[in-house]
Each structure stands twice: as structure tokens, then as C-alpha cells.
>>> print(open('protein_4.cif').read())   # mmCIF, C-alpha atoms
data_query
#
loop_
_atom_site.label_atom_id
_atom_site.label_comp_id
_atom_site.auth_asym_id
_atom_site.auth_seq_id
_atom_site.Cartn_x
_atom_site.Cartn_y
_atom_site.Cartn_z
CA MET A 1 -36.11 -17.27 57.50
CA LYS A 2 -38.55 -14.42 58.03
CA CYS A 3 -41.63 -14.19 60.22
CA GLN A 4 -44.75 -15.12 58.29
CA HIS A 5 -46.46 -11.92 59.51
CA CYS A 6 -43.70 -9.34 59.10
CA GLU A 7 -40.16 -8.86 57.75
CA LYS A 8 -38.33 -9.58 61.03
CA PRO A 9 -36.25 -12.78 61.33
CA ALA A 10 -38.20 -15.78 62.61
CA ILE A 11 -36.77 -16.98 65.91
CA ILE A 12 -39.54 -19.40 66.90
CA HIS A 13 -40.50 -22.27 64.64
CA ILE A 14 -43.55 -24.39 65.48
CA THR A 15 -44.81 -27.51 63.73
CA GLU A 16 -48.42 -28.33 64.54
CA LEU A 17 -50.17 -31.54 63.60
CA THR A 18 -53.67 -30.72 62.41
CA ASP A 19 -55.61 -33.76 61.20
CA ASP A 20 -52.28 -35.66 60.90
CA VAL A 21 -50.95 -33.00 58.52
CA PRO A 22 -47.90 -31.05 59.74
CA VAL A 23 -48.19 -27.28 59.48
CA GLU A 24 -45.01 -25.22 59.93
CA LEU A 25 -45.26 -21.79 61.54
CA HIS A 26 -42.42 -19.25 61.68
CA PHE A 27 -42.65 -16.21 63.96
CA CYS A 28 -40.59 -13.30 65.24
CA GLU A 29 -40.67 -12.82 69.02
CA GLU A 30 -43.59 -10.38 68.90
CA HIS A 31 -45.83 -12.53 66.70
CA ALA A 32 -44.83 -15.71 68.57
CA ARG A 33 -45.92 -14.11 71.83
CA ALA A 34 -49.25 -13.14 70.27
CA TYR A 35 -49.75 -16.61 68.75
CA LEU A 36 -48.82 -18.45 71.94
CA THR A 37 -50.99 -16.20 74.08
CA GLN A 38 -53.87 -16.86 71.70
CA SER A 39 -53.17 -20.64 71.80
CA GLU A 40 -53.12 -20.57 75.58
CA ALA A 41 -56.46 -18.73 75.74
CA GLU A 42 -58.15 -21.47 73.70
CA GLU A 43 -59.16 -24.62 75.51
CA GLN A 44 -56.24 -26.98 75.87
CA PRO A 45 -56.06 -30.37 77.60
CA ALA A 46 -53.76 -29.17 80.38
CA PRO A 47 -51.38 -26.21 80.54
CA GLY A 48 -47.83 -27.09 79.61
CA THR A 49 -48.67 -30.43 77.95
CA THR A 50 -48.06 -29.16 74.43
CA MET A 51 -44.87 -27.62 73.06
CA ALA A 52 -46.77 -24.41 72.26
CA GLY A 53 -48.01 -24.33 75.85
CA GLY A 54 -44.48 -24.76 77.15
CA LEU A 55 -43.18 -22.00 74.90
CA ALA A 56 -46.05 -19.78 75.99
CA GLN A 57 -45.08 -20.32 79.62
CA GLN A 58 -41.48 -19.36 78.87
CA VAL A 59 -42.58 -16.25 76.98
CA LYS A 60 -44.85 -15.36 79.90
CA VAL A 61 -42.04 -15.70 82.41
CA GLY A 62 -40.39 -12.74 80.72
CA LYS A 63 -37.92 -14.03 78.15
CA THR A 64 -37.38 -10.64 76.60
CA ALA A 65 -34.97 -10.06 73.76
CA GLU A 66 -32.37 -8.74 76.22
CA ASP A 67 -32.67 -11.81 78.46
CA LEU A 68 -32.40 -14.07 75.43
CA ALA A 69 -29.36 -12.19 74.10
CA ARG A 70 -27.63 -12.54 77.48
CA LEU A 71 -28.53 -16.22 77.65
CA ASP A 72 -27.30 -16.80 74.09
CA GLN A 73 -23.81 -15.64 75.15
CA ARG A 74 -23.47 -18.33 77.84
CA THR A 75 -20.91 -20.95 76.87
CA CYS A 76 -20.18 -24.44 78.13
CA PRO A 77 -16.66 -24.42 79.61
CA VAL A 78 -16.02 -27.99 78.43
CA CYS A 79 -17.09 -28.11 74.77
CA GLY A 80 -17.52 -24.40 74.03
CA VAL A 81 -21.08 -24.63 72.67
CA THR A 82 -23.18 -21.52 73.29
CA PHE A 83 -26.85 -21.52 74.16
CA TYR A 84 -27.41 -19.69 70.87
CA GLU A 85 -25.87 -22.62 68.97
CA PHE A 86 -28.11 -25.02 70.88
CA ARG A 87 -31.23 -23.00 70.11
CA HIS A 88 -30.43 -22.91 66.39
CA ALA A 89 -29.01 -26.40 65.88
CA GLY A 90 -31.11 -28.16 68.50
CA ARG A 91 -28.05 -30.12 69.65
CA LEU A 92 -25.86 -29.91 72.69
CA GLY A 93 -22.11 -30.34 72.52
CA CYS A 94 -21.35 -32.60 75.49
CA PRO A 95 -22.91 -34.18 78.59
CA HIS A 96 -21.75 -31.21 80.71
CA ASP A 97 -24.17 -28.94 78.78
CA TYR A 98 -27.05 -30.45 80.74
CA VAL A 99 -25.42 -29.09 83.89
CA CYS A 100 -24.35 -25.78 82.35
CA PHE A 101 -27.80 -24.98 80.85
CA ARG A 102 -29.87 -26.90 83.41
CA GLN A 103 -32.23 -24.06 84.31
CA GLU A 104 -33.15 -23.45 80.66
CA LEU A 105 -33.23 -27.10 79.55
CA GLU A 106 -35.22 -28.62 82.39
CA PRO A 107 -38.61 -27.11 81.46
CA LEU A 108 -38.12 -28.16 77.83
CA ILE A 109 -37.14 -31.71 78.77
CA VAL A 110 -40.10 -32.07 81.15
CA ASN A 111 -42.39 -30.67 78.48
CA ILE A 112 -41.18 -33.08 75.82
CA HIS A 113 -40.48 -36.25 77.83
CA GLY A 114 -42.58 -35.76 80.95
CA ALA A 115 -39.62 -36.45 83.25
CA THR A 116 -36.04 -35.37 83.84
CA GLU A 117 -34.54 -38.80 84.50
CA HIS A 118 -33.72 -41.33 81.80
CA LYS A 119 -35.69 -44.55 81.96
CA GLY A 120 -34.87 -47.26 79.50
CA LYS A 121 -31.94 -48.87 77.78
CA ARG A 122 -28.40 -47.59 77.74
CA PRO A 123 -25.69 -48.45 75.22
CA GLN A 124 -23.77 -51.58 76.19
CA HIS A 125 -20.72 -50.89 74.01
CA SER A 126 -19.86 -47.65 75.78
CA ALA A 127 -16.57 -48.64 77.40
CA HIS A 128 -15.57 -45.09 78.36
CA GLY A 129 -17.08 -43.32 81.32
CA THR A 130 -18.71 -39.94 80.89
CA ASP A 131 -15.72 -38.23 82.50
CA GLN A 132 -13.45 -39.68 79.84
CA GLN A 133 -15.86 -38.71 77.06
CA THR A 134 -16.06 -35.18 78.44
CA ARG A 135 -12.24 -35.02 78.55
CA LEU A 136 -12.05 -36.16 74.90
CA ILE A 137 -14.54 -33.48 73.85
CA GLN A 138 -12.51 -30.84 75.68
CA LEU A 139 -9.22 -32.03 74.13
CA ARG A 140 -10.70 -32.03 70.61
CA ARG A 141 -11.95 -28.47 71.10
CA GLU A 142 -8.52 -27.37 72.36
CA MET A 143 -6.86 -29.09 69.41
CA ARG A 144 -9.14 -27.27 66.93
CA GLU A 145 -8.32 -23.97 68.64
CA ALA A 146 -4.58 -24.75 68.53
CA VAL A 147 -4.79 -25.45 64.78
CA GLN A 148 -6.72 -22.20 64.22
CA GLN A 149 -4.00 -20.34 66.12
CA GLU A 150 -1.37 -22.22 64.10
CA ASP A 151 0.14 -23.69 67.27
CA TYR A 152 0.87 -27.03 65.61
CA GLU A 153 3.17 -28.36 68.34
CA ARG A 154 0.44 -28.03 70.94
CA ALA A 155 -2.10 -29.48 68.49
CA SER A 156 0.09 -32.55 67.93
CA ARG A 157 0.53 -33.06 71.71
CA LEU A 158 -3.24 -32.86 72.12
CA ARG A 159 -3.75 -35.28 69.19
CA ASP A 160 -1.37 -37.76 70.84
CA GLU A 161 -3.18 -37.47 74.15
CA ILE A 162 -6.53 -38.06 72.41
CA ARG A 163 -5.13 -41.18 70.73
CA ARG A 164 -3.75 -42.43 74.06
CA ILE A 165 -7.16 -42.06 75.72
CA GLU A 166 -9.01 -43.64 72.80
CA ARG A 167 -6.63 -46.60 72.52
CA PRO A 168 -8.13 -49.80 73.98
CA SER A 169 -6.47 -50.78 77.27
CA GLY A 170 -5.32 -54.14 75.85
CA ALA A 171 -3.42 -52.66 72.89
#
>>> encode(input="protein_4.cif", output="C-alpha cells")
Amino acid sequence: MKCQHCEKPAIIHITELTDDVPVELHFCEEHARAYLTQSEAEEQPAPGTTMAGGLAQQVKVGKTAEDLARLDQRTCPVCGVTFYEFRHAGRLGCPHDYVCFRQELEPLIVNIHGATEHKGKRPQHSAHGTDQQTRLIQLRREMREAVQQEDYERASRLRDEIRRIERPSGA
């Protein structure tokens, strides 16, 4: 998708609710900086309470294209997701990503949820601990890599280990 002001690729996508009607905005880094600076100059309830305000703060801190490119190359050692994949898909790969990308995620989480700790219900049916879930994610990634490298013996050993971990303890 291209920036709505020029031909550069849009890297920042904003949806604003104006009179309960969503308006989608797509900007390159340069036009996003201009738009967010303009939004920040207008009267707002409190700095950082809106998503645009949060993005403006990040742009102000100095997220240049070089910094962003370096950050995009960072990879979670457990699941292999890159920060670039997170930015584009909006999804993390495993619980360890919150640790791996903590510095970048914390301002976004505070901006969206108002806190960094979960308050509320948790799934009751989750029999596996997070360590076991993280191990399963890592094994699945290794198995995919083994298949891509055509190392089928290793892939089958990994598959068997995954099945052993997933098997209920009473079976």
C-alpha cells in the first residue's frame, strides 16, 4: 500500500473514529511524522492517551529509518519471529516475545491497555505451563526448518518429541 500523499510505501496505518465513522489513513514515515506532529500540536485530552499520540511520542524519540531497520532484524530466539513480522502482522509468535521485544512493546501496551500487567480471567483448560508451550513452539519451528533442509530423520524425531509432550499424562 502506498502513502496517501506520495508514492512511497505506507509504513504507518492509522484508523481514526470521527463521529463514529472509521477513517483509515496510510502514511510513509515522512508524512506520518508530519501528521502526528500536527495531531500533537492540536489540543488533545492528555499526551499519550491516544494511539496517534503514542506513535507521535515514538517518532519524536528518534525512530529513524535506520533504527527501525536495525530493530526489524531482531529475532526471537525461541520462535524465530522478527520484529518486522510483528509490525506487519500485528501478532507475536510466542510468550517469550514479550521478553525479547520488551522495550519496544511496553509503550504500546501501556498506550492501548493502560497497564502492563494482566488483570482478569485466565483460561482454565490450559493444562500446560508456559515453559512447556514455549518448548513446543521451539520444537515446531525446528521441525519446519528440518523439513525445509530435507533432514527428515531429525524432523521425525522432533515430531515424536512434540507428540510425547502433547500427549495427556494419563494416556
>>> resolve_selection(input="protein_4.cif", expression="the PyMOL selection byres ((chain A and resi 92-108) around 7)", output="ChimeraX atom specification")
/A:76,78-79,81,86,90-91,109-112,116,134
>>> resolve_selection(input="protein_4.cif", expression="the PyMOL selection byres ((chain A and resi 141) around 12)", output="number ranges by chain")
A: 76-81, 93-94, 134-140, 142-148, 155, 158-159, 162
>>> write_last_selection(input="protein_4.cif", atoms="C-alpha atoms", output="PDB file, in the coordinates of the input")
ATOM      1  CA  CYS A  76     -20.180 -24.440  78.130  1.00  0.00           C
ATOM      2  CA  PRO A  77     -16.660 -24.420  79.610  1.00  0.00           C
ATOM      3  CA  VAL A  78     -16.020 -27.990  78.430  1.00  0.00           C
ATOM      4  CA  CYS A  79     -17.090 -28.110  74.770  1.00  0.00           C
ATOM      5  CA  GLY A  80     -17.520 -24.400  74.030  1.00  0.00           C
ATOM      6  CA  VAL A  81     -21.080 -24.630  72.670  1.00  0.00           C
ATOM      7  CA  GLY A  93     -22.110 -30.340  72.520  1.00  0.00           C
ATOM      8  CA  CYS A  94     -21.350 -32.600  75.490  1.00  0.00           C
ATOM      9  CA  THR A 134     -16.060 -35.180  78.440  1.00  0.00           C
ATOM     10  CA  ARG A 135     -12.240 -35.020  78.550  1.00  0.00           C
ATOM     11  CA  LEU A 136     -12.050 -36.160  74.900  1.00  0.00           C
ATOM     12  CA  ILE A 137     -14.540 -33.480  73.850  1.00  0.00           C
ATOM     13  CA  GLN A 138     -12.510 -30.840  75.680  1.00  0.00           C
ATOM     14  CA  LEU A 139      -9.220 -32.030  74.130  1.00  0.00           C
ATOM     15  CA  ARG A 140     -10.700 -32.030  70.610  1.00  0.00           C
ATOM     16  CA  GLU A 142      -8.520 -27.370  72.360  1.00  0.00           C
ATOM     17  CA  MET A 143      -6.860 -29.090  69.410  1.00  0.00           C
ATOM     18  CA  ARG A 144      -9.140 -27.270  66.930  1.00  0.00           C
ATOM     19  CA  GLU A 145      -8.320 -23.970  68.640  1.00  0.00           C
ATOM     20  CA  ALA A 146      -4.580 -24.750  68.530  1.00  0.00           C
ATOM     21  CA  VAL A 147      -4.790 -25.450  64.780  1.00  0.00           C
ATOM     22  CA  GLN A 148      -6.720 -22.200  64.220  1.00  0.00           C
ATOM     23  CA  ALA A 155      -2.100 -29.480  68.490  1.00  0.00           C
ATOM     24  CA  LEU A 158      -3.240 -32.860  72.120  1.00  0.00           C
ATOM     25  CA  ARG A 159      -3.750 -35.280  69.190  1.00  0.00           C
ATOM     26  CA  ILE A 162      -6.530 -38.060  72.410  1.00  0.00           C
TER      27      ILE A 162
END
>>> closest_residue(input="protein_4.cif", among="A:Thr37, A:Glu85, A:Ala69, A:Cys3", to="Leu25 of chain A", atoms="all atoms listed in the file")
A:Cys3
>>> atom_distance(input="protein_4.cif", atom1="atom CA of Glu24 of chain A", atom2="atom CA of Ala10 of chain A")
11.9 Å
>>> atom_distance(input="protein_4.cif", atom1="atom CA of Val21 of chain A", atom2="atom CA of Ala34 of chain A")
23.1 Å
>>> closest_residue(input="protein_4.cif", among="A:Arg157, A:Lys119, A:His13, A:His26", to="His88 of chain A", atoms="all atoms listed in the file")
A:His13
>>> resolve_selection(input="protein_4.cif", expression="the PyMOL selection byres ((chain A and resi 83) around 7)", output="NGL selection string")
:A and (71-75 or 81-82 or 84-87)
>>> atom_distance(input="protein_4.cif", atom1="atom CA of Glu30 of chain A", atom2="atom CA of Thr15 of chain A")
17.9 Å
>>> build_atoms(input="protein_4.cif", residues="segment 102-123 of chain A", atoms="N, CA and C atoms", output="short mmCIF file (atom, residue, chain, number, x, y, z; two decimals), keeping the file's coordinate frame")
data_model
loop_
_atom_site.label_atom_id
_atom_site.label_comp_id
_atom_site.auth_asym_id
_atom_site.auth_seq_id
_atom_site.Cartn_x
_atom_site.Cartn_y
_atom_site.Cartn_z
N ARG A 102 -28.81 -26.15 82.72
CA ARG A 102 -29.87 -26.90 83.41
C ARG A 102 -31.16 -26.10 83.57
N GLN A 103 -31.05 -24.88 84.03
CA GLN A 103 -32.23 -24.06 84.31
C GLN A 103 -33.07 -23.85 83.05
N GLU A 104 -32.43 -23.70 81.90
CA GLU A 104 -33.15 -23.45 80.66
C GLU A 104 -33.64 -24.75 80.02
N LEU A 105 -32.89 -25.83 80.19
CA LEU A 105 -33.23 -27.10 79.55
C LEU A 105 -34.30 -27.89 80.29
N GLU A 106 -34.31 -27.79 81.61
CA GLU A 106 -35.22 -28.62 82.39
C GLU A 106 -36.68 -28.46 82.01
N PRO A 107 -37.20 -27.23 81.86
CA PRO A 107 -38.61 -27.11 81.46
C PRO A 107 -38.88 -27.72 80.07
N LEU A 108 -37.93 -27.58 79.16
CA LEU A 108 -38.12 -28.16 77.83
C LEU A 108 -38.13 -29.69 77.89
N ILE A 109 -37.22 -30.25 78.66
CA ILE A 109 -37.14 -31.71 78.77
C ILE A 109 -38.41 -32.27 79.43
N VAL A 110 -38.86 -31.62 80.49
CA VAL A 110 -40.10 -32.07 81.15
C VAL A 110 -41.27 -31.96 80.19
N ASN A 111 -41.30 -30.89 79.43
CA ASN A 111 -42.39 -30.67 78.48
C ASN A 111 -42.41 -31.75 77.40
N ILE A 112 -41.26 -32.13 76.91
CA ILE A 112 -41.18 -33.08 75.82
C ILE A 112 -41.29 -34.52 76.31
N HIS A 113 -40.56 -34.86 77.38
CA HIS A 113 -40.48 -36.25 77.83
C HIS A 113 -41.33 -36.55 79.06
N GLY A 114 -41.76 -35.53 79.77
CA GLY A 114 -42.58 -35.76 80.95
C GLY A 114 -41.78 -36.06 82.21
N ALA A 115 -40.47 -36.16 82.10
CA ALA A 115 -39.62 -36.45 83.25
C ALA A 115 -38.22 -35.92 82.97
N THR A 116 -37.41 -35.84 84.02
CA THR A 116 -36.04 -35.37 83.84
C THR A 116 -35.01 -36.47 84.01
N GLU A 117 -35.45 -37.68 84.36
CA GLU A 117 -34.54 -38.80 84.50
C GLU A 117 -34.75 -39.80 83.38
N HIS A 118 -33.64 -40.34 82.87
CA HIS A 118 -33.72 -41.33 81.80
C HIS A 118 -34.23 -42.65 82.34
N LYS A 119 -35.19 -43.22 81.63
CA LYS A 119 -35.69 -44.55 81.96
C LYS A 119 -35.65 -45.34 80.67
N GLY A 120 -34.96 -46.45 80.70
CA GLY A 120 -34.87 -47.26 79.50
C GLY A 120 -33.47 -47.79 79.30
N LYS A 121 -33.22 -48.23 78.09
CA LYS A 121 -31.94 -48.87 77.78
C LYS A 121 -30.82 -47.86 77.67
N ARG A 122 -29.63 -48.37 77.91
CA ARG A 122 -28.40 -47.59 77.74
C ARG A 122 -27.47 -48.39 76.85
N PRO A 123 -26.60 -47.71 76.11
CA PRO A 123 -25.69 -48.45 75.22
C PRO A 123 -24.77 -49.38 76.00
#
